[in-house]
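K.L.:
Below is the file data_6.txt, with compact mmCIF, C-alpha atoms.
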```
# COMPACT_ATOMS: atom_id res chain seq x y z
CA MET N 5 0.00 0.00 0.00
CA LYS N 6 1.24 3.51 -0.85
CA ILE N 7 0.44 5.96 1.95
CA ALA N 8 0.96 9.73 1.79
CA HIS N 9 0.96 11.55 5.11
CA VAL N 10 0.34 15.28 4.59
CA MET N 11 1.30 17.75 7.31
CA ARG N 12 1.42 21.50 7.76
CA ARG N 13 5.03 21.32 8.90
CA LEU N 14 7.79 18.87 9.83
CA SER N 15 10.87 20.38 11.44
CA PHE N 16 13.19 18.24 13.52
CA ASP N 17 14.32 21.36 15.37
CA ASP N 18 10.78 22.44 16.32
CA TRP N 19 9.00 19.28 17.35
CA GLY N 20 5.48 18.91 18.69
CA GLY N 21 2.87 16.28 19.40
CA THR N 22 1.52 16.08 15.84
CA GLU N 23 4.99 15.63 14.41
CA GLN N 24 5.74 12.87 16.87
CA VAL N 25 2.51 11.00 16.12
CA VAL N 26 3.01 11.13 12.36
CA TRP N 27 6.68 10.20 12.54
CA ASN N 28 6.08 7.13 14.68
CA LEU N 29 3.08 5.97 12.65
CA VAL N 30 5.07 6.34 9.43
CA ARG N 31 7.97 4.30 10.76
CA ALA N 32 5.63 1.58 12.04
CA GLN N 33 3.79 1.45 8.70
CA MET N 34 7.08 1.12 6.85
CA LYS N 35 8.12 -1.62 9.24
CA ALA N 36 4.90 -3.42 8.28
CA GLY N 37 5.99 -3.37 4.62
CA HIS N 38 4.14 -0.35 3.20
CA GLU N 39 5.53 2.43 0.99
CA VAL N 40 5.14 5.70 2.87
CA ARG N 41 6.10 9.33 2.24
CA ILE N 42 5.60 12.55 4.17
CA PHE N 43 4.46 15.70 2.38
CA ALA N 44 4.71 19.01 4.26
CA THR N 45 5.41 22.73 3.87
CA THR N 46 8.76 24.44 4.37
CA ALA N 47 7.47 26.13 7.54
CA LEU N 48 10.40 26.15 10.01
CA CYS N 49 12.46 23.92 7.69
CA ASP N 50 13.38 25.04 4.18
CA THR N 51 14.84 21.70 3.03
CA PRO N 52 12.64 20.74 0.06
CA HIS N 53 13.58 17.06 -0.13
CA GLU N 54 15.35 14.83 2.37
CA THR N 55 15.41 11.26 3.62
CA VAL N 56 15.67 10.68 7.36
CA ASP N 57 15.83 7.14 8.79
CA ASP N 58 14.69 5.85 5.36
CA VAL N 59 11.60 8.12 5.45
CA GLU N 60 11.30 10.33 2.37
CA ILE N 61 10.10 13.87 3.13
CA LEU N 62 8.98 16.40 0.50
CA ARG N 63 8.31 20.04 1.45
CA PHE N 64 6.63 22.87 -0.45
CA LYS N 65 6.67 26.61 0.17
CA PRO N 66 3.47 27.92 1.83
CA ILE N 67 1.85 31.18 0.81
CA TYR N 68 -0.04 32.95 3.59
CA PRO N 69 -2.98 34.86 2.02
CA TRP N 70 -2.89 38.07 4.05
CA TRP N 71 -1.73 41.58 3.22
CA PRO N 72 0.56 43.09 4.26
CA MET N 73 2.79 40.14 5.11
CA PRO N 74 6.03 41.21 6.85
CA LYS N 75 8.78 38.66 7.45
CA ARG N 76 8.10 38.68 11.21
CA LEU N 77 4.50 37.64 10.62
CA ILE N 78 5.57 34.79 8.33
CA GLY N 79 7.63 33.40 11.18
CA GLU N 80 4.67 33.56 13.56
CA LEU N 81 2.36 31.83 11.07
CA ASP N 82 4.98 29.16 10.36
CA ARG N 83 4.74 28.22 14.01
CA LYS N 84 1.04 28.52 14.62
CA GLY N 85 -0.97 28.10 11.43
CA GLY N 86 -1.92 30.79 8.95
CA ASN N 87 -4.08 28.57 6.69
CA PRO N 88 -1.72 28.76 3.70
CA PHE N 89 -1.99 27.91 0.04
CA VAL N 90 0.68 25.32 -0.85
CA PRO N 91 1.51 25.40 -4.58
CA GLY N 92 3.14 22.22 -5.82
CA LEU N 93 1.78 19.96 -3.12
CA GLY N 94 -1.22 18.77 -5.11
CA LYS N 95 0.87 18.06 -8.20
CA ALA N 96 3.39 16.04 -6.18
CA LEU N 97 0.63 13.93 -4.63
CA ARG N 98 -0.98 13.25 -8.01
CA GLU N 99 2.35 12.23 -9.53
CA TRP N 100 3.13 9.80 -6.70
CA LYS N 101 -0.34 8.19 -6.93
CA PRO N 102 -0.87 7.02 -3.35
CA ASP N 103 -3.58 4.57 -2.33
CA VAL N 104 -4.24 6.56 0.85
CA ILE N 105 -3.87 10.28 1.46
CA HIS N 106 -3.78 10.79 5.21
CA CYS N 107 -4.03 14.49 6.03
CA HIS N 108 -2.90 15.89 9.38
CA ALA N 109 -3.96 19.50 8.77
CA MET N 110 -7.20 21.41 8.34
CA ALA N 111 -8.56 24.20 6.11
CA ARG N 112 -6.82 24.77 2.74
CA ILE N 113 -4.33 21.91 3.06
CA ALA N 114 -7.18 19.52 3.81
CA GLU N 115 -9.17 20.94 0.88
CA LEU N 116 -6.21 20.37 -1.40
CA CYS N 117 -5.90 16.74 -0.26
CA LEU N 118 -9.56 16.12 -1.12
CA ARG N 119 -9.02 17.52 -4.62
CA VAL N 120 -6.24 15.02 -5.29
CA GLY N 121 -8.07 11.87 -6.23
CA LYS N 122 -8.38 8.86 -8.45
CA GLN N 123 -10.79 5.99 -8.45
CA GLY N 124 -10.22 3.92 -5.34
CA ILE N 125 -8.12 6.45 -3.46
CA LYS N 126 -8.94 6.79 0.25
CA HIS N 127 -8.89 10.17 1.96
CA VAL N 128 -8.33 10.17 5.73
CA ILE N 129 -7.91 13.10 8.09
CA SER N 130 -6.51 13.12 11.62
CA LEU N 131 -7.63 15.69 14.19
CA HIS N 132 -4.75 16.43 16.55
CA GLY N 133 -5.57 19.77 18.07
CA GLY N 134 -8.64 19.23 20.21
CA ALA N 135 -10.70 21.70 18.17
CA ALA N 136 -13.83 20.53 19.95
CA ASN N 137 -12.45 21.85 23.23
CA VAL N 138 -10.60 25.09 22.37
CA PRO N 139 -11.99 27.92 24.52
CA THR N 140 -13.44 30.85 22.56
CA ALA N 141 -10.98 33.35 24.02
CA GLU N 142 -8.00 31.20 23.06
CA ALA N 143 -9.37 30.58 19.57
CA LYS N 144 -9.52 34.35 19.08
CA SER N 145 -5.93 34.75 20.31
CA LEU N 146 -4.73 32.35 17.60
CA LYS N 147 -6.07 34.74 14.97
CA ALA N 148 -4.43 37.78 16.53
CA PRO N 149 -1.37 37.86 14.20
CA THR N 150 -3.58 38.42 11.13
CA ARG N 151 -6.12 40.76 12.69
CA GLY N 152 -6.49 43.96 10.69
CA ARG N 153 -4.87 42.52 7.54
CA LEU N 154 -6.55 41.97 4.18
CA PRO N 155 -7.55 38.28 3.81
CA TRP N 156 -7.15 38.08 0.04
CA GLY N 157 -7.19 34.27 0.26
CA LYS N 158 -10.95 34.31 0.78
CA MET N 159 -11.44 35.73 -2.70
CA VAL N 160 -9.31 32.95 -4.16
CA ASP N 161 -11.32 30.36 -2.21
CA TYR N 162 -14.52 31.74 -3.69
CA VAL N 163 -13.19 31.74 -7.27
CA MET N 164 -11.88 28.17 -6.91
CA GLY N 165 -15.09 26.95 -5.33
CA TRP N 166 -13.41 25.59 -2.21
CA THR N 167 -16.57 24.91 -0.25
CA ARG N 168 -16.06 21.42 1.10
CA ARG N 169 -16.87 20.52 4.67
CA ILE N 170 -13.74 19.71 6.63
CA PRO N 171 -13.40 17.07 8.04
CA GLU N 172 -16.83 15.58 7.20
CA ASP N 173 -16.09 15.12 3.48
CA PHE N 174 -13.14 12.81 4.12
CA ASP N 175 -13.70 9.06 3.82
CA GLY N 176 -12.44 8.53 7.35
CA ILE N 177 -11.76 10.66 10.41
CA VAL N 178 -9.11 9.73 12.98
CA CYS N 179 -9.34 11.46 16.36
CA VAL N 180 -6.60 11.68 18.95
CA GLY N 181 -9.13 12.87 21.53
CA GLU N 182 -12.21 10.93 22.64
CA ASP N 183 -14.21 14.16 22.88
CA GLU N 184 -13.72 14.81 19.18
CA ALA N 185 -14.41 11.19 18.30
CA GLU N 186 -17.77 11.38 20.06
CA ARG N 187 -18.56 14.66 18.33
CA TYR N 188 -17.92 13.33 14.83
CA ARG N 189 -19.47 9.89 15.25
CA ALA N 190 -22.81 11.68 15.17
CA LYS N 191 -21.93 13.15 11.77
CA HIS N 192 -19.80 10.52 10.02
CA PRO N 193 -19.93 6.70 9.58
CA HIS N 194 -16.16 6.13 9.75
CA VAL N 195 -14.52 7.60 12.85
CA LEU N 196 -11.56 6.02 14.65
CA PHE N 197 -10.37 7.00 18.11
CA LEU N 198 -6.63 6.38 17.95
CA PRO N 199 -4.69 7.53 21.01
CA ASN N 200 -1.10 8.60 20.87
CA GLY N 201 1.62 6.07 21.54
CA VAL N 202 5.09 5.73 22.99
CA ASP N 203 8.26 3.72 22.46
CA THR N 204 8.62 2.31 25.96
CA ALA N 205 11.97 0.67 25.25
CA MET N 206 13.46 4.08 24.54
CA PHE N 207 12.73 5.28 28.07
CA GLU N 208 14.04 2.30 30.02
CA GLY N 209 16.68 2.99 32.62
CA GLY N 210 15.10 5.99 34.29
CA LYS N 211 13.69 6.91 37.67
CA VAL N 212 12.65 3.43 38.81
CA GLU N 213 16.27 2.32 38.62
CA ALA N 214 17.25 5.39 40.62
CA TRP N 215 14.93 4.25 43.38
CA LYS N 216 16.43 0.77 43.33
CA SER N 217 19.93 2.23 43.63
CA GLY N 218 19.23 3.43 47.13
CA ARG N 219 17.60 6.83 46.85
CA VAL N 220 14.42 5.60 48.49
CA GLU N 221 16.32 4.39 51.51
CA GLU N 222 18.09 7.75 51.77
CA TRP N 223 14.81 9.62 51.76
CA LYS N 224 13.24 7.18 54.23
CA SER N 225 16.11 7.88 56.59
CA GLY N 226 15.28 11.56 56.87
CA ARG N 227 16.07 13.28 53.58
CA VAL N 228 12.49 13.57 52.36
CA GLU N 229 12.23 17.21 53.43
CA GLU N 230 15.47 18.04 51.64
CA TRP N 231 14.13 16.58 48.42
CA LYS N 232 10.70 18.09 48.92
CA SER N 233 12.18 21.58 49.04
CA GLY N 234 14.57 21.10 46.13
CA LYS N 235 12.48 19.16 43.66
CA VAL N 236 12.85 19.47 39.88
CA VAL N 237 9.52 19.83 38.08
CA LEU N 238 9.45 19.09 34.35
CA CYS N 239 6.91 20.17 31.74
CA VAL N 240 7.38 19.07 28.13
CA ALA N 241 5.06 21.09 25.90
CA ARG N 242 5.22 23.93 23.42
CA ILE N 243 5.34 27.36 25.03
CA ASP N 244 1.73 28.28 24.41
CA ARG N 245 -1.23 29.58 26.40
CA GLN N 246 -3.00 26.27 25.88
CA LYS N 247 -0.29 24.52 27.89
CA ASN N 248 -0.68 27.01 30.77
CA GLN N 249 2.93 27.00 32.02
CA MET N 250 2.16 30.20 33.93
CA MET N 251 0.73 27.99 36.69
CA LEU N 252 4.17 26.51 37.21
CA VAL N 253 5.82 29.93 37.31
CA GLU N 254 3.38 31.01 40.02
CA TRP N 255 3.95 27.74 41.91
CA LEU N 256 7.71 28.30 41.68
CA GLY N 257 7.26 31.63 43.45
CA ARG N 258 5.91 29.77 46.49
CA HIS N 259 8.76 27.20 46.62
CA PRO N 260 12.13 28.90 47.07
CA ALA N 261 14.36 25.86 46.46
CA ALA N 262 12.51 24.22 43.56
CA THR N 263 13.33 24.33 39.85
CA VAL N 264 10.95 24.24 36.89
CA ARG N 265 12.25 23.12 33.51
CA LEU N 266 10.15 23.87 30.41
CA VAL N 267 11.02 21.81 27.34
CA GLY N 268 9.38 22.64 24.02
CA PRO N 269 9.33 25.04 21.08
CA VAL N 270 7.95 28.54 21.43
CA THR N 271 4.75 28.83 19.39
CA GLN N 272 3.55 32.04 21.06
CA PRO N 273 6.53 34.36 21.63
CA ASP N 274 4.41 36.90 23.50
CA TYR N 275 3.41 34.19 26.00
CA ARG N 276 7.08 33.24 26.46
CA ASP N 277 7.79 36.89 27.23
CA GLU N 278 4.96 36.91 29.79
CA LEU N 279 6.38 33.82 31.52
CA VAL N 280 9.84 35.35 31.74
CA ALA N 281 8.53 38.72 32.93
CA ARG N 282 6.47 37.07 35.66
CA ALA N 283 9.44 34.97 36.77
CA VAL N 284 11.54 38.12 37.04
CA ALA N 285 8.81 39.87 39.04
CA LEU N 286 8.62 36.91 41.45
CA GLY N 287 12.39 36.68 41.76
CA VAL N 288 12.54 33.12 40.39
CA ALA N 289 14.02 33.71 36.94
CA ASP N 290 17.19 31.82 37.90
CA ARG N 291 15.09 28.73 38.73
CA LEU N 292 12.90 28.79 35.61
CA VAL N 293 14.77 27.03 32.82
CA LEU N 294 13.46 27.35 29.25
CA VAL N 295 15.31 24.48 27.65
CA GLY N 296 13.88 24.96 24.15
CA SER N 297 12.90 22.31 21.65
CA LEU N 298 14.62 18.92 21.88
CA LYS N 299 14.56 16.28 19.19
CA PRO N 300 12.34 13.26 19.89
CA GLY N 301 14.26 10.36 21.32
CA SER N 302 17.40 12.44 21.72
CA PRO N 303 19.73 11.81 24.67
CA GLU N 304 18.99 15.36 25.81
CA LEU N 305 15.24 14.76 25.96
CA LEU N 306 15.61 11.41 27.72
CA SER N 307 17.93 13.08 30.22
CA GLU N 308 15.29 15.70 31.02
CA TYR N 309 12.78 12.97 31.88
CA HIS N 310 15.22 10.91 33.89
CA GLN N 311 16.68 13.78 35.92
CA ALA N 312 13.35 15.34 36.94
CA ASP N 313 11.47 14.43 40.12
CA VAL N 314 7.91 14.95 38.88
CA PHE N 315 6.20 15.73 35.57
CA VAL N 316 3.40 18.31 35.34
CA LEU N 317 1.11 19.10 32.39
CA PRO N 318 -1.24 21.97 33.40
CA SER N 319 -3.03 22.39 30.02
CA ARG N 320 -6.29 24.31 29.72
CA HIS N 321 -7.44 21.86 27.05
CA GLU N 322 -5.75 18.76 25.68
CA PRO N 323 -7.00 16.09 23.25
CA PHE N 324 -4.65 13.48 24.71
CA GLY N 325 -1.20 14.39 26.09
CA ILE N 326 1.48 12.23 24.46
CA VAL N 327 4.12 13.60 26.83
CA VAL N 328 2.29 11.93 29.71
CA LEU N 329 2.97 8.58 28.05
CA GLU N 330 6.65 9.50 27.82
CA ALA N 331 6.76 10.50 31.47
CA TRP N 332 5.07 7.23 32.45
CA ALA N 333 7.50 5.23 30.32
CA ALA N 334 10.38 6.99 32.08
CA GLY N 335 8.96 6.05 35.48
CA LEU N 336 8.27 9.68 36.33
CA PRO N 337 5.25 10.52 38.56
CA VAL N 338 2.64 12.57 36.68
CA VAL N 339 0.49 15.48 37.83
CA ALA N 340 -1.93 16.76 35.17
CA SER N 341 -5.00 18.91 34.68
CA ASP N 342 -8.25 16.97 34.52
CA VAL N 343 -9.42 18.21 31.15
CA GLY N 344 -10.53 16.63 27.86
CA GLY N 345 -8.65 13.61 26.59
CA LEU N 346 -5.85 14.24 29.07
CA GLY N 347 -8.22 13.77 31.98
CA ARG N 348 -9.67 10.65 30.40
CA LEU N 349 -6.21 9.20 29.84
CA CYS N 350 -5.32 9.65 33.50
CA ALA N 351 -8.70 8.31 34.66
CA ALA N 352 -8.24 5.20 32.51
CA HIS N 353 -5.16 4.30 34.56
CA PRO N 354 -6.03 4.80 38.24
CA GLY N 355 -2.98 5.23 40.41
CA ALA N 356 -0.74 6.41 37.56
CA ALA N 357 -1.39 10.16 37.91
CA LEU N 358 -2.74 12.83 40.23
CA THR N 359 -5.07 15.36 38.60
CA PHE N 360 -6.39 18.82 39.39
CA ALA N 361 -9.02 21.09 37.83
CA PRO N 362 -7.80 23.41 35.04
CA ASP N 363 -6.37 26.69 36.39
CA ASP N 364 -6.83 25.44 39.98
CA SER N 365 -3.64 26.60 41.71
CA ALA N 366 -4.67 25.09 45.03
CA GLY N 367 -5.34 21.75 43.35
CA LEU N 368 -1.92 21.79 41.71
CA GLU N 369 -0.31 22.66 45.05
CA THR N 370 -2.07 19.79 46.81
CA ALA N 371 -1.17 17.24 44.13
CA LEU N 372 2.51 18.22 44.07
CA ASP N 373 2.68 18.20 47.85
CA ARG N 374 1.29 14.64 47.91
CA VAL N 375 3.91 13.45 45.44
CA CYS N 376 6.79 15.22 47.12
CA SER N 377 6.03 14.46 50.76
CA ASP N 378 5.17 10.78 50.49
CA VAL N 379 7.82 8.38 49.23
CA GLY N 380 5.24 5.62 48.93
CA GLN N 381 3.01 7.83 46.77
CA TRP N 382 5.96 8.68 44.52
CA ARG N 383 6.80 5.02 44.03
CA THR N 384 3.17 3.98 43.46
CA LEU N 385 2.74 6.59 40.72
CA SER N 386 6.05 5.67 39.12
CA GLU N 387 5.35 1.95 38.93
CA ALA N 388 1.71 2.39 37.83
CA GLY N 389 2.84 4.78 35.11
CA ARG N 390 5.27 2.24 33.72
CA ARG N 391 2.47 -0.33 33.50
CA ALA N 392 0.13 2.18 31.83
CA ALA N 393 2.67 3.17 29.19
CA ALA N 394 3.14 -0.45 28.12
CA SER N 395 -0.40 -0.51 26.68
CA TYR N 396 0.34 2.24 24.10
CA ASP N 397 2.81 0.57 21.77
CA TRP N 398 3.24 2.35 18.42
CA ASN N 399 3.28 -0.87 16.40
CA ASN N 400 -0.11 -1.89 17.78
CA LEU N 401 -1.59 1.54 17.07
CA ALA N 402 -0.25 1.52 13.51
CA ALA N 403 -1.87 -1.88 12.93
CA ARG N 404 -5.22 -0.48 14.08
CA LEU N 405 -4.84 2.42 11.67
CA LEU N 406 -4.05 0.13 8.74
CA GLY N 407 -7.17 -1.87 9.57
CA PHE N 408 -9.19 1.35 9.52
CA TYR N 409 -7.85 2.16 6.04
CA GLY N 410 -9.06 -1.25 4.89
CA GLU N 411 -12.59 -0.62 6.17
CA LEU N 412 -13.08 2.48 4.02
CA CYS N 413 -14.91 2.25 0.71
```
What's the structure tokens form of this structure?
P.N.:
Amino acid sequence: MKIAHVMRRLSFDDWGGTEQVVWNLVRAQMKAGHEVRIFATTALCDTPHETVDDVEILRFKPIYPWWPMPKRLIGELDRKGGNPFVPGLGKALREWKPDVIHCHAMARIAELCLRVGKQGIKHVISLHGGAANVPTAEAKSLKAPTRGRLPWGKMVDYVMGWTRRIPEDFDGIVCVGEDEAERYRAKHPHVLFLPNGVDTAMFEGGKVEAWKSGRVEEWKSGRVEEWKSGKVVLCVARIDRQKNQMMLVEWLGRHPAATVRLVGPVTQPDYRDELVARAVALGVADRLVLVGSLKPGSPELLSEYHQADVFVLPSRHEPFGIVVLEAWAAGLPVVASDVGGLGRLCAAHPGAALTFAPDDSAGLETALDRVCSDVGQWRTLSEAGRRAAASYDWNNLAARLLGFYGELC
């Protein structure tokens, strides 16, 4: 089977959840004997054609249909969206003649995928962003970069007759979040809930081994308070209002010996500036570490997981939370907001995570205090997380997806 995965962007230096899902599915599908290519734009990576780990990647220059369009704005839209036209992408797909076009973007890129067709081709779209749960205020903030600019692309859409319903007009819809899956099952006959996955073998050798090496005994003998005051809290997520890292900055202000490490690309530079400014105002800037984006599976990323004491994901909305699987696989206790697919993921594995209500600072405080003051609680969460992660193997998820392709007419 020839499978084309179409994405808005694929940059190995600016990596996010969607990129990780697609990359692991592609590799698993190739392992199963299928011919697979990735088609993307040059957003954040201007290499038009490359092969990485035997995966062929083709990129095409996006055109953002707004005027005026300064260079600074192009950079912002590369990171966050912009709904571009992508000349050349449709032609490349038609020339390759895939059996399945699996789109991982919405709007004009999705429309373009639907217009590339032949008899028997299957069009599938994945919903990664939790669109069913994005708060109105945040949805408006995503459009802020183009506010007040002429949207000339709408005129082109009208002339070209781009009026399809996205995602309903695709043959199949794949949802990372259960909320979205429920929403679209009422509208479409072919909807698959496919959670994110993790390579558990990659994360072996982490915190559980540290416990076995004697750290537990040290803390039991009176060093719990020392660790409690000097804990390292890790959050792996793009720097974005959705991820709500400001909660951790505020928490840091109440814990004078703790450190918070934020790993992930900056998708909202103004929010990054707000985090830094607040840290300076609280006098904790030296204990807030913005690590930046780390490549998936890199020694640097694995080190961040293994050297932290607890993982926190305080998102305001989240379709799933793939980084929670990584933290579990690394044996790292998880504290997360009880929202959307993230809340359901944690609820599906009792004992593997402590949750708190979105934006509930007191709830976050209580959960972290439980983890950091009770050695038994720490160990219970760590071991339960390892067991939970084992049920999300990428090869098994890829097999489910291939079966879904086969069900489509």
K.L.:
Kindly indicate which residue among N:Met251, N:Ala393, N:Pro171, N:Asp277 lies nearest to N:Phe360, using only C-alpha atoms for the distances.
P.N.:
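Nearest candidate to N:Phe360 out of N:Met251, N:Ala393, N:Pro171, N:Asp277: N:Met251.
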K.L.:
Work out how far apart atom CA of N:Pro91 and atom CA of N:His106 are and give it in Å to one decimal.
P.N.:
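Going from atom CA of N:Pro91 over to atom CA of N:His106, I get 18.4 Å.
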K.L.:
My list of candidates is N:Thr46, N:Asn400, N:Thr55, N:Ser130. Which is closest to N:Val90 when distances are computed with only C-alpha atoms?
P.N.:
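Result for the nearest residue to N:Val90: N:Thr46.
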K.L.:
I'd like to know which of N:Val26, N:Ala44, N:Leu266, N:Ile113 is closest to N:Arg291, using all atoms listed in the file.
P.N.:
N:Leu266
K.L.:
Select, from N:Leu406, N:Val59, N:Ile125, N:Leu81, the residue with the minimum atom-to-atom distance to N:Ala47, counting all atoms listed in the file.
P.N.:
N:Leu81
K.L.:
Measuring between only C-alpha atoms, which one of N:Leu14, N:Cys376, N:Leu238, N:Met5 shows the shortest distance to N:Gln311?
P.N.:
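Distance minimum relative to N:Gln311 lands on N:Leu238.
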K.L.:
Rank nothing, just name the residue among N:Arg189, N:Arg258, N:Asp313, N:Leu116 nearest to N:Val379, using all atoms listed in the file.
P.N.:
N:Asp313
K.L.:
What is the atom CA of N:His194-atom CA of N:Gly176 distance in Å, reported with one decimal?
P.N.:
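It comes out at 5.0 Å.
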K.L.:
Take atom CA of N:Val30 and atom CA of N:Gly347 and report the distance between them in Å, one decimal.
P.N.:
27.2 Å
K.L.:
Around (-0.1, 1.4, 11.8) in the file's frame, which residues reach within 8 Å when counting all atoms listed in the file? Return as a PyMOL selection string?
P.N.:
chain N and resi 29-30+32-33+36+398-406
K.L.:
Would you kindly return, as an MDAnalysis selection string, each protein, DNA or RNA residue with an atom no farther than 12 Å from any atom of N:Glu308, considering all atoms listed in the file and excluding same-chain residues fewer than 6 positions away?
P.N.:
chainID N and resid 207 210:211 236:240 264:268 293:302 314:315 330:331 334 336
K.L.:
Would you list the contacts of N:Glu387 as a VMD selection string, taking every protein, DNA or RNA residue within 9 Å and counting only C-alpha atoms, but skipping same-chain residues closer than 5 positions in sequence?
P.N.:
chain N and resid 212 332 335 to 337 356 382 392
K.L.:
Include C-alpha atoms and write out the residues we just selected as a PDB file, in the frame of the given file.
P.N.:
```pdb
ATOM      1  CA  VAL N 212      12.650   3.430  38.810  1.00  0.00           C
ATOM      2  CA  TRP N 332       5.070   7.230  32.450  1.00  0.00           C
ATOM      3  CA  GLY N 335       8.960   6.050  35.480  1.00  0.00           C
ATOM      4  CA  LEU N 336       8.270   9.680  36.330  1.00  0.00           C
ATOM      5  CA  PRO N 337       5.250  10.520  38.560  1.00  0.00           C
ATOM      6  CA  ALA N 356      -0.740   6.410  37.560  1.00  0.00           C
ATOM      7  CA  TRP N 382       5.960   8.680  44.520  1.00  0.00           C
ATOM      8  CA  ALA N 392       0.130   2.180  31.830  1.00  0.00           C
TER       9      ALA N 392
END
```
K.L.:
Do a neighbour search on N:Val288 at 7 Å with only C-alpha atoms, toss out local chain neighbours closer than 3 positions, and write the hits as a VMD selection string.
P.N.:
chain N and resid 256 to 257 283 to 284 291 to 292
